[in-house]
>>> print(open('target-v3.txt').read())   # compact mmCIF, C-alpha atoms and all ligand atoms
# COMPACT_ATOMS: atom_id res chain seq x y z
CA MET A 1 -34.76 8.89 -15.59
CA THR A 2 -31.37 8.34 -14.03
CA THR A 3 -30.02 4.82 -13.90
CA MET A 4 -28.41 3.28 -10.84
CA ALA A 5 -24.97 3.62 -12.45
CA GLU A 6 -25.49 7.34 -13.12
CA ARG A 7 -26.61 7.92 -9.56
CA THR A 8 -23.54 6.07 -8.28
CA GLU A 9 -21.22 8.14 -10.48
CA SER A 10 -22.66 11.36 -9.23
CA VAL A 11 -22.10 10.38 -5.58
CA ILE A 12 -18.74 8.58 -5.63
CA PRO A 13 -15.83 10.81 -6.63
CA ALA A 14 -13.68 9.31 -9.40
CA GLU A 15 -10.61 9.00 -7.15
CA ALA A 16 -12.50 6.58 -4.86
CA ASP A 17 -14.18 4.53 -7.60
CA ILE A 18 -12.56 1.17 -8.21
CA ASP A 19 -13.22 1.41 -11.96
CA ARG A 20 -12.40 5.09 -12.49
CA ALA A 21 -9.59 5.93 -10.03
CA PRO A 22 -6.13 6.66 -11.42
CA GLY A 23 -3.26 4.25 -10.75
CA LEU A 24 -1.54 4.57 -7.38
CA LEU A 25 1.58 6.40 -8.54
CA ASP A 26 -0.25 8.67 -10.99
CA GLY A 27 -2.91 9.52 -8.43
CA ALA A 28 -0.40 10.15 -5.65
CA MET A 29 1.49 12.61 -7.85
CA SER A 30 -1.45 14.35 -9.52
CA LEU A 31 -4.39 14.57 -7.09
CA ASP A 32 -4.86 17.40 -4.66
CA LEU A 33 -6.69 16.08 -1.58
CA THR A 34 -6.56 17.68 1.86
CA PRO A 35 -7.78 16.79 5.37
CA GLN A 36 -10.44 19.48 4.89
CA THR A 37 -11.90 17.61 1.90
CA CYS A 38 -11.17 14.08 3.16
CA ASN A 39 -12.81 14.21 6.56
CA LEU A 40 -15.08 11.58 8.09
CA GLU A 41 -18.13 12.59 6.05
CA TYR A 42 -16.13 12.20 2.83
CA TRP A 43 -14.90 8.75 3.92
CA LEU A 44 -18.37 7.46 4.83
CA GLY A 45 -19.73 8.40 1.41
CA ALA A 46 -16.79 7.93 -0.96
CA VAL A 47 -15.04 4.98 0.68
CA ALA A 48 -17.44 3.02 2.90
CA GLN A 49 -20.29 3.35 0.40
CA GLY A 50 -18.05 3.78 -2.65
CA THR A 51 -14.69 1.99 -2.94
CA LEU A 52 -15.67 -0.77 -0.53
CA ARG A 53 -19.20 -1.44 -1.69
CA GLY A 54 -19.69 -4.97 -2.94
CA LEU A 55 -16.23 -6.20 -2.01
CA VAL A 56 -16.34 -9.73 -0.58
CA HIS A 57 -14.27 -10.37 2.55
CA GLY A 58 -13.71 -6.59 2.42
CA GLY A 59 -11.08 -6.96 -0.28
CA HIS A 60 -12.24 -7.77 -3.81
CA ARG A 61 -15.34 -8.26 -5.95
CA ALA A 62 -16.80 -11.76 -6.11
CA GLU A 63 -16.02 -12.05 -9.84
CA ALA A 64 -12.30 -11.45 -9.21
CA ALA A 65 -11.59 -15.02 -8.20
CA THR A 66 -8.57 -16.88 -6.89
CA PRO A 67 -7.73 -19.46 -9.58
CA THR A 68 -7.14 -23.05 -8.51
CA TRP A 69 -3.46 -22.91 -9.51
CA MET A 70 -2.89 -20.34 -6.76
CA ARG A 71 -3.95 -22.94 -4.20
CA GLU A 72 -1.48 -25.54 -5.44
CA PRO A 73 1.84 -25.76 -3.59
CA GLY A 74 4.75 -24.25 -5.49
CA PRO A 75 6.85 -21.12 -5.92
CA LEU A 76 4.02 -18.92 -7.24
CA ARG A 77 1.79 -19.53 -4.24
CA GLU A 78 4.77 -19.31 -1.91
CA SER A 79 5.80 -15.90 -3.26
CA LEU A 80 2.30 -14.49 -2.75
CA ILE A 81 2.01 -15.99 0.74
CA GLU A 82 5.32 -14.36 1.68
CA GLU A 83 4.27 -11.05 0.18
CA PHE A 84 0.83 -10.84 1.76
CA ALA A 85 2.03 -12.18 5.13
CA PHE A 86 4.60 -9.39 5.30
CA ARG A 87 2.06 -6.82 4.15
CA SER A 88 -0.44 -7.96 6.78
CA ILE A 89 2.13 -7.32 9.52
CA ALA A 90 3.21 -3.98 8.04
CA GLU A 91 -0.41 -2.78 7.83
CA GLU A 92 -1.08 -3.88 11.40
CA LYS A 93 1.91 -1.89 12.59
CA ALA A 94 0.75 1.12 10.56
CA THR A 95 -2.69 0.88 12.20
CA ARG A 96 -1.21 0.94 15.67
CA ALA A 97 1.19 3.79 14.83
CA LEU A 98 -1.71 5.85 13.46
CA SER A 99 -3.32 5.96 16.89
CA TYR A 100 -0.64 8.56 17.77
CA LEU A 101 -1.66 10.76 14.83
CA VAL A 102 -5.32 10.56 15.88
CA LEU A 103 -4.28 11.44 19.44
CA HIS A 104 -2.10 14.41 18.52
CA ALA A 105 -3.98 15.78 15.47
CA PRO A 106 -4.23 19.57 15.79
CA ASP A 107 -7.83 20.01 14.55
CA ILE A 108 -11.04 18.07 13.91
CA ASP A 109 -10.69 17.51 10.13
CA THR A 110 -7.16 16.22 10.58
CA MET A 111 -8.19 14.01 13.50
CA GLU A 112 -11.08 12.61 11.45
CA PHE A 113 -8.87 11.98 8.43
CA PHE A 114 -6.30 10.03 10.47
CA ALA A 115 -9.11 8.11 12.20
CA THR A 116 -10.29 6.99 8.73
CA GLN A 117 -6.74 6.13 7.73
CA LEU A 118 -6.44 4.05 10.89
CA ILE A 119 -9.48 2.03 9.81
CA ASP A 120 -8.16 1.79 6.22
CA GLU A 121 -4.89 0.29 7.46
CA ALA A 122 -6.69 -2.14 9.77
CA ARG A 123 -8.78 -3.20 6.76
CA HIS A 124 -5.66 -3.70 4.64
CA SER A 125 -4.10 -5.90 7.29
CA SER A 126 -7.32 -7.89 7.48
CA VAL A 127 -7.77 -8.38 3.71
CA PHE A 128 -4.17 -9.51 3.22
CA ARG A 129 -4.76 -12.12 5.94
CA GLY A 130 -8.10 -12.96 4.34
CA HIS A 131 -6.43 -13.69 1.03
CA LEU A 132 -4.00 -16.08 2.71
CA LEU A 133 -7.10 -18.07 3.70
CA GLU A 134 -8.32 -17.89 0.09
CA LEU A 135 -4.95 -19.35 -0.95
CA GLY A 136 -5.78 -22.35 1.21
CA VAL A 137 -3.89 -21.55 4.40
CA ALA A 138 -5.87 -23.24 7.19
CA PRO A 139 -7.48 -20.78 9.63
CA ASP A 140 -5.78 -22.36 12.64
CA GLU A 141 -2.41 -22.12 10.87
CA LEU A 142 -2.80 -18.51 9.73
CA HIS A 143 -0.82 -16.77 12.44
CA GLY A 144 1.84 -19.50 12.55
CA THR A 145 2.27 -19.24 8.76
CA ILE A 146 2.60 -15.46 8.87
CA GLU A 147 5.19 -15.75 11.61
CA HIS A 148 7.05 -18.49 9.77
CA VAL A 149 7.29 -16.73 6.38
CA ALA A 150 7.51 -13.08 7.48
CA GLY A 151 8.65 -13.01 11.12
CA GLU A 152 12.31 -12.57 10.21
CA ASP A 153 11.59 -9.73 7.74
CA ARG A 154 9.45 -8.05 10.39
CA GLU A 155 12.37 -8.05 12.83
CA LYS A 156 14.88 -6.84 10.24
CA ILE A 157 12.73 -4.22 8.48
CA LEU A 158 9.62 -3.20 10.37
CA VAL A 159 10.96 -3.19 13.93
CA PRO A 160 13.82 -0.76 13.12
CA LEU A 161 11.28 1.54 11.41
CA GLU A 162 9.06 1.41 14.47
CA ASN A 163 12.02 2.14 16.72
CA PHE A 164 12.66 5.21 14.59
CA GLY A 165 9.06 6.44 14.33
CA LEU A 166 7.21 5.52 17.52
CA PRO A 167 9.35 7.67 19.88
CA LEU A 168 8.09 10.70 17.89
CA GLY A 169 4.56 9.66 18.79
CA ASP A 170 5.53 9.21 22.45
CA ALA A 171 6.99 12.71 22.40
CA GLY A 172 3.78 14.19 20.95
CA ASP A 173 5.58 15.20 17.74
CA PHE A 174 2.57 15.08 15.41
CA ILE A 175 4.18 16.46 12.27
CA GLY A 176 7.31 14.35 12.75
CA GLY A 177 5.06 11.29 12.90
CA VAL A 178 3.26 12.34 9.71
CA CYS A 179 6.62 12.73 7.94
CA VAL A 180 7.74 9.25 8.95
CA LEU A 181 4.45 7.66 7.93
CA THR A 182 3.67 9.46 4.69
CA VAL A 183 7.14 10.28 3.35
CA LEU A 184 9.25 7.43 4.60
CA VAL A 185 7.00 4.42 5.05
CA GLU A 186 4.08 4.86 2.63
CA GLY A 187 6.01 6.88 0.06
CA VAL A 188 8.74 4.28 -0.17
CA LEU A 189 6.45 1.24 -0.22
CA ALA A 190 3.78 2.47 -2.66
CA PRO A 191 5.67 1.52 -5.84
CA ALA A 192 6.06 -2.08 -4.65
CA ALA A 193 2.28 -2.23 -4.13
CA GLU A 194 1.68 -0.90 -7.64
CA LEU A 195 4.05 -3.49 -9.07
CA SER A 196 2.22 -6.17 -7.11
CA GLU A 197 -1.13 -5.21 -8.60
CA LEU A 198 0.31 -5.29 -12.12
CA LYS A 199 2.10 -8.60 -11.83
CA TRP A 200 -0.77 -10.54 -10.19
CA ARG A 201 -3.47 -9.18 -12.53
CA ARG A 202 -3.63 -12.32 -14.72
CA LEU A 203 -2.31 -14.89 -12.28
CA ASP A 204 -4.51 -14.03 -9.31
CA PRO A 205 -7.25 -11.48 -10.11
CA ALA A 206 -8.42 -11.46 -6.47
CA ALA A 207 -4.95 -10.49 -5.23
CA ALA A 208 -4.67 -7.77 -7.89
CA GLU A 209 -8.02 -6.31 -6.92
CA ILE A 210 -7.16 -6.36 -3.22
CA GLU A 211 -4.09 -4.33 -4.16
CA ARG A 212 -6.18 -2.06 -6.35
CA ALA A 213 -8.67 -1.20 -3.61
CA ALA A 214 -5.86 -0.73 -1.08
CA GLY A 215 -4.06 1.43 -3.66
CA ILE A 216 -7.08 3.72 -3.90
CA ASP A 217 -6.86 4.24 -0.13
CA GLU A 218 -3.15 4.78 -0.49
CA ILE A 219 -3.62 7.61 -3.01
CA ARG A 220 -5.65 9.37 -0.33
CA HIS A 221 -3.11 8.66 2.42
CA LEU A 222 -0.23 9.94 0.33
CA THR A 223 -1.94 13.07 -0.97
CA VAL A 224 -3.64 14.10 2.27
CA GLY A 225 -0.51 13.29 4.32
CA GLY A 226 1.44 15.44 1.85
CA ALA A 227 -1.07 18.28 2.21
CA VAL A 228 -0.84 18.13 6.02
CA ILE A 229 2.93 18.55 5.79
CA LYS A 230 2.70 21.27 3.15
CA GLN A 231 0.23 23.31 5.21
CA TYR A 232 2.36 22.85 8.33
CA VAL A 233 5.59 23.92 6.63
CA GLN A 234 3.88 27.00 5.18
CA ALA A 235 2.62 28.00 8.62
CA ASN A 236 5.86 27.05 10.43
CA PRO A 237 8.80 27.71 8.08
CA GLY A 238 11.20 27.60 11.03
CA GLU A 239 10.52 23.85 11.32
CA LEU A 240 11.86 23.13 7.83
CA PRO A 241 15.46 22.27 8.82
CA ARG A 242 14.30 19.90 11.56
CA LEU A 243 11.88 18.07 9.26
CA LYS A 244 14.42 17.84 6.44
CA ASP A 245 16.92 16.40 8.90
CA LEU A 246 14.35 13.88 10.14
CA ILE A 247 13.62 12.73 6.58
CA GLU A 248 17.34 12.55 5.81
CA ARG A 249 17.93 10.35 8.85
CA GLY A 250 14.94 8.21 7.95
CA ARG A 251 16.19 7.71 4.42
CA ALA A 252 19.62 6.73 5.74
CA LEU A 253 17.94 4.18 8.00
CA TRP A 254 15.94 2.76 5.05
CA GLY A 255 19.14 2.52 3.02
CA GLY A 256 20.55 0.13 5.59
CA LEU A 257 17.49 -2.14 5.78
CA PRO A 258 17.41 -5.34 3.71
CA VAL A 259 14.26 -4.35 1.79
CA LEU A 260 15.68 -5.00 -1.66
CA ASP A 261 16.94 -8.42 -0.54
CA MET A 262 13.45 -9.32 0.61
CA ILE A 263 11.81 -8.14 -2.63
CA LEU A 264 14.40 -9.89 -4.78
CA ARG A 265 13.92 -13.15 -2.88
CA ARG A 266 10.18 -12.97 -3.56
CA GLU A 267 10.66 -11.95 -7.19
CA LYS A 268 12.87 -15.00 -7.75
CA LEU A 269 10.15 -17.27 -6.38
CA PHE A 270 7.61 -15.44 -8.54
CA GLN A 271 9.84 -15.92 -11.59
CA GLU A 272 10.05 -19.65 -11.04
CA GLY A 273 6.29 -19.89 -10.74
CA MET A 274 5.52 -17.47 -13.57
CA GLU A 275 7.64 -19.40 -16.07
CA GLN A 276 5.22 -22.33 -15.77
CA MET A 277 2.24 -20.04 -16.39
CA GLY A 278 2.99 -18.63 -19.84
CA HIS A 279 -0.35 -19.92 -21.14
CA VAL A 280 -2.16 -17.72 -18.60
CA ILE A 281 0.04 -14.63 -18.85
CA GLY A 282 0.20 -14.55 -22.66
CA ASP A 283 1.34 -11.15 -23.97
CA TYR A 284 0.21 -9.27 -20.85
CA GLU A 285 2.41 -6.19 -20.41
CA LEU A 286 3.79 -4.84 -17.12
CA ALA A 287 4.57 -1.55 -18.82
CA PRO A 288 4.09 -0.48 -22.44
CA GLY A 289 6.29 -2.72 -24.58
CA LYS A 290 7.41 -4.84 -21.61
CA ARG A 291 5.75 -8.25 -21.45
CA LEU A 292 5.55 -9.71 -17.94
CA ILE A 293 6.72 -13.09 -19.21
CA ASP A 294 9.94 -11.51 -20.58
CA SER A 295 10.76 -9.61 -17.37
CA THR A 296 13.38 -10.76 -14.86
CA PRO A 297 13.35 -10.45 -11.06
CA GLU A 298 16.07 -7.78 -11.26
CA GLU A 299 14.13 -5.77 -13.86
CA ARG A 300 10.97 -5.78 -11.77
CA LEU A 301 12.96 -4.76 -8.70
CA MET A 302 14.55 -1.90 -10.67
CA MET A 303 11.16 -0.84 -11.97
CA ALA A 304 9.76 -0.45 -8.45
CA ALA A 305 12.96 1.24 -7.20
CA THR A 306 12.91 3.76 -10.07
CA TRP A 307 9.23 4.58 -9.49
CA SER A 308 10.01 4.99 -5.80
CA LEU A 309 12.73 7.59 -6.43
CA GLN A 310 10.63 9.50 -8.97
CA MET A 311 7.66 9.60 -6.67
CA GLN A 312 9.66 10.68 -3.62
CA ASP A 313 11.28 13.55 -5.51
CA SER A 314 7.99 14.79 -6.90
CA ARG A 315 6.21 14.49 -3.55
CA LEU A 316 8.94 16.13 -1.48
CA SER A 317 9.04 19.17 -3.72
CA ALA A 318 5.21 19.37 -3.68
CA MET A 319 5.34 19.44 0.14
CA GLY A 320 7.99 22.16 0.20
CA LEU A 321 10.63 19.73 1.49
CA GLY A 322 12.50 19.30 -1.80
FE FE B 401 -2.17 0.35 3.96
FE FE B 402 -1.78 3.76 3.83
>>> encode(input="target-v3.txt", output="C-alpha cells")
Amino acid sequence: MTTMAERTESVIPAEADIDRAPGLLDGAMSLDLTPQTCNLEYWLGAVAQGTLRGLVHGGHRAEAATPTWMREPGPLRESLIEEFAFRSIAEEKATRALSYLVLHAPDIDTMEFFATQLIDEARHSSVFRGHLLELGVAPDELHGTIEHVAGEDREKILVPLENFGLPLGDAGDFIGGVCVLTVLVEGVLAPAAELSELKWRRLDPAAAEIERAAGIDEIRHLTVGGAVIKQYVQANPGELPRLKDLIERGRALWGGLPVLDMILRREKLFQEGMEQMGHVIGDYELAPGKRLIDSTPEERLMMAATWSLQMQDSRLSAMGLG
C-alpha cells in the first residue's frame, strides 16, 4: 500500500517541493527547466497542488509562526517591514511587466509559462503584504505604511528600471523584455532573497518560509527564462550583439542605482535588532563556519553581492551570452 506521503512524492517534482527543493542559488545554477516542461499543466500540478498546498495566507505553513517579538516595535520589526514593503512593490511591478511577455510570447508553451509566472509574481506581492499584516500593521494602514517606508526606494530604484524595460514591451521586443526581467532584475535580486531566507530563519520562521516558497518559484523563473534566451540565441545568432549590448546597458544602469545603500540601511537596522536576540539565534550559521550573530551588515551585504556576481556569470555563459 502506498502512503499519502509516497503518493505526494511521486506527483510533485523535487524542484517544486518545499521540503526537497534545492536552495535558490544552487537550483538556479544547476536545474534545467524549459518552457516546454514548465507549461500550464506542469504549474497546476507541481505548483498549485504542490509548492502552494497547505500554505496559509498563500505564503507559509501554519506551523511556521510569526513570534511575538516580531510584532513589538523596534529595529528588527522595522527592518523586515522595510524589506517586505519594498518587495511587495517590486513584485507588483514585475506582475504588470509580465503582461507584455504573455502578450508577445512566440508560442503556446512560452505564453503559458509566462502566464504562470505572472500569477507567481502577483502571489509574491500579495504574501509580502500579507506578512506585513502578520507583523501587526493595521489593514487600513497597509498601503500608507508601504508608501511611507518604501515609496522613496521605489522612485529611486524601481522606476528607473521600469523606464528602461517597459519601452521594450511597448515595442513588442519579447526577447529584450525577457533579458531585462530574467537577467537584470531577477538575476540580480535573487541573492538578496536567499540571504533574507537565511537570516530570518530563526527570528521569523514565517518570513523565512515565505521567502523559501517564493524562492522555489524563482528557481523556475530564472531557469526557464534562461532557457528561453538560450533557445532564442541559438536560433537567431545575429541577435547576439544587440542582446549583449542591452544587458551591458542594463548593468550600467543598475550600477548607478542606490541598491546597496538601501540594503545596507536595512542590514544596519537588522543588526541593531539582532544583537538583542542572541538567545534566539544561538549558534545558527548563515554559511558554514559563519554564525549569524557574528556577522556584520557589511559582511552580509558582501555575501549577497558576491553570490550575485557568481550567479550572473554562470547564468550568462549558460545562456550563450557570456
Ligand atoms: Fe517574485
Ligand atoms: Fe520571479
>>> closest_residue(input="target-v3.txt", among="A:Pro75, A:Gly256, A:Gly59, A:Pro22", to="A:Lys156", atoms="all atoms listed in the file")
A:Gly256
>>> atom_distance(input="target-v3.txt", atom1="atom CA of A:Gly225", atom2="atom CA of A:Phe128")
23.1 Å
>>> residues_around(input="target-v3.txt", residues="A:Glu63", least_positions_apart="4", cutoff="10 Å", atoms="only C-alpha atoms", output="PDB file with C-alpha atoms, in the coordinates of the input")
ATOM      1  CA  LEU A  55     -16.230  -6.200  -2.010  1.00  0.00           C
ATOM      2  CA  VAL A  56     -16.340  -9.730  -0.580  1.00  0.00           C
ATOM      3  CA  PRO A 205      -7.250 -11.480 -10.110  1.00  0.00           C
ATOM      4  CA  ALA A 206      -8.420 -11.460  -6.470  1.00  0.00           C
TER       5      ALA A 206
END
>>> closest_residue(input="target-v3.txt", among="A:Met70, A:Leu198, A:Leu24, A:Leu301", to="A:Tyr284", atoms="all atoms listed in the file")
A:Leu198
>>> closest_residue(input="target-v3.txt", among="A:Arg251, A:Arg212, A:Arg315, A:His279", to="A:Ala64", atoms="all atoms listed in the file")
A:Arg212
>>> residues_near_ligand(input="target-v3.txt", ligand="ligand FE 402 (chain B)", cutoff="12 Å", atoms="all atoms listed in the file", output="compact mmCIF listing (two decimals) with C-alpha atoms, in the coordinates of the input")
# COMPACT_ATOMS: atom_id res chain seq x y z
CA LEU A 24 -1.54 4.57 -7.38
CA ALA A 28 -0.40 10.15 -5.65
CA ARG A 87 2.06 -6.82 4.15
CA ALA A 90 3.21 -3.98 8.04
CA GLU A 91 -0.41 -2.78 7.83
CA GLU A 92 -1.08 -3.88 11.40
CA LYS A 93 1.91 -1.89 12.59
CA ALA A 94 0.75 1.12 10.56
CA THR A 95 -2.69 0.88 12.20
CA ALA A 97 1.19 3.79 14.83
CA LEU A 98 -1.71 5.85 13.46
CA PHE A 113 -8.87 11.98 8.43
CA PHE A 114 -6.30 10.03 10.47
CA ALA A 115 -9.11 8.11 12.20
CA THR A 116 -10.29 6.99 8.73
CA GLN A 117 -6.74 6.13 7.73
CA LEU A 118 -6.44 4.05 10.89
CA ILE A 119 -9.48 2.03 9.81
CA ASP A 120 -8.16 1.79 6.22
CA GLU A 121 -4.89 0.29 7.46
CA ALA A 122 -6.69 -2.14 9.77
CA ARG A 123 -8.78 -3.20 6.76
CA HIS A 124 -5.66 -3.70 4.64
CA SER A 125 -4.10 -5.90 7.29
CA VAL A 178 3.26 12.34 9.71
CA LEU A 181 4.45 7.66 7.93
CA THR A 182 3.67 9.46 4.69
CA VAL A 183 7.14 10.28 3.35
CA LEU A 184 9.25 7.43 4.60
CA VAL A 185 7.00 4.42 5.05
CA GLU A 186 4.08 4.86 2.63
CA GLY A 187 6.01 6.88 0.06
CA VAL A 188 8.74 4.28 -0.17
CA LEU A 189 6.45 1.24 -0.22
CA ALA A 190 3.78 2.47 -2.66
CA ALA A 193 2.28 -2.23 -4.13
CA GLU A 211 -4.09 -4.33 -4.16
CA ALA A 213 -8.67 -1.20 -3.61
CA ALA A 214 -5.86 -0.73 -1.08
CA GLY A 215 -4.06 1.43 -3.66
CA ILE A 216 -7.08 3.72 -3.90
CA ASP A 217 -6.86 4.24 -0.13
CA GLU A 218 -3.15 4.78 -0.49
CA ILE A 219 -3.62 7.61 -3.01
CA ARG A 220 -5.65 9.37 -0.33
CA HIS A 221 -3.11 8.66 2.42
CA LEU A 222 -0.23 9.94 0.33
CA THR A 223 -1.94 13.07 -0.97
CA VAL A 224 -3.64 14.10 2.27
CA GLY A 225 -0.51 13.29 4.32
>>> closest_residue(input="target-v3.txt", among="A:Leu286, A:Met274, A:Ala252, A:Leu103", to="A:Leu76", atoms="all atoms listed in the file")
A:Met274
>>> atom_distance(input="target-v3.txt", atom1="atom CA of A:Glu275", atom2="atom CA of A:Arg129")
26.3 Å
>>> closest_atom_pairs(input="target-v3.txt", of="stretch 133-248 of chain A", to="stretch 290-293 of chain A", cutoff="12 Å", atoms="only C-alpha atoms", output="CSV")
residue,atom,partner,partner_atom,distance
A:Leu195,CA,A:Leu292,CA,10.9
A:Ser196,CA,A:Leu292,CA,11.9
A:Leu198,CA,A:Leu292,CA,9.0
A:Lys199,CA,A:Leu292,CA,7.1
A:Trp200,CA,A:Leu292,CA,10.0
A:Arg201,CA,A:Leu292,CA,10.5
A:Arg202,CA,A:Leu292,CA,10.1
A:Leu203,CA,A:Leu292,CA,11.0
>>> closest_residue(input="target-v3.txt", among="A:Arg71, A:Leu101, A:Gly165, A:Gly23", to="A:Ala138", atoms="only C-alpha atoms")
A:Arg71
>>> atom_distance(input="target-v3.txt", atom1="atom CA of A:Thr110", atom2="atom CA of A:Cys38")
8.7 Å
>>> closest_residue(input="target-v3.txt", among="A:Trp307, A:Phe86, A:Tyr232, A:Phe164", to="ligand FE 401 (chain B)", atoms="all atoms listed in the file")
A:Phe86
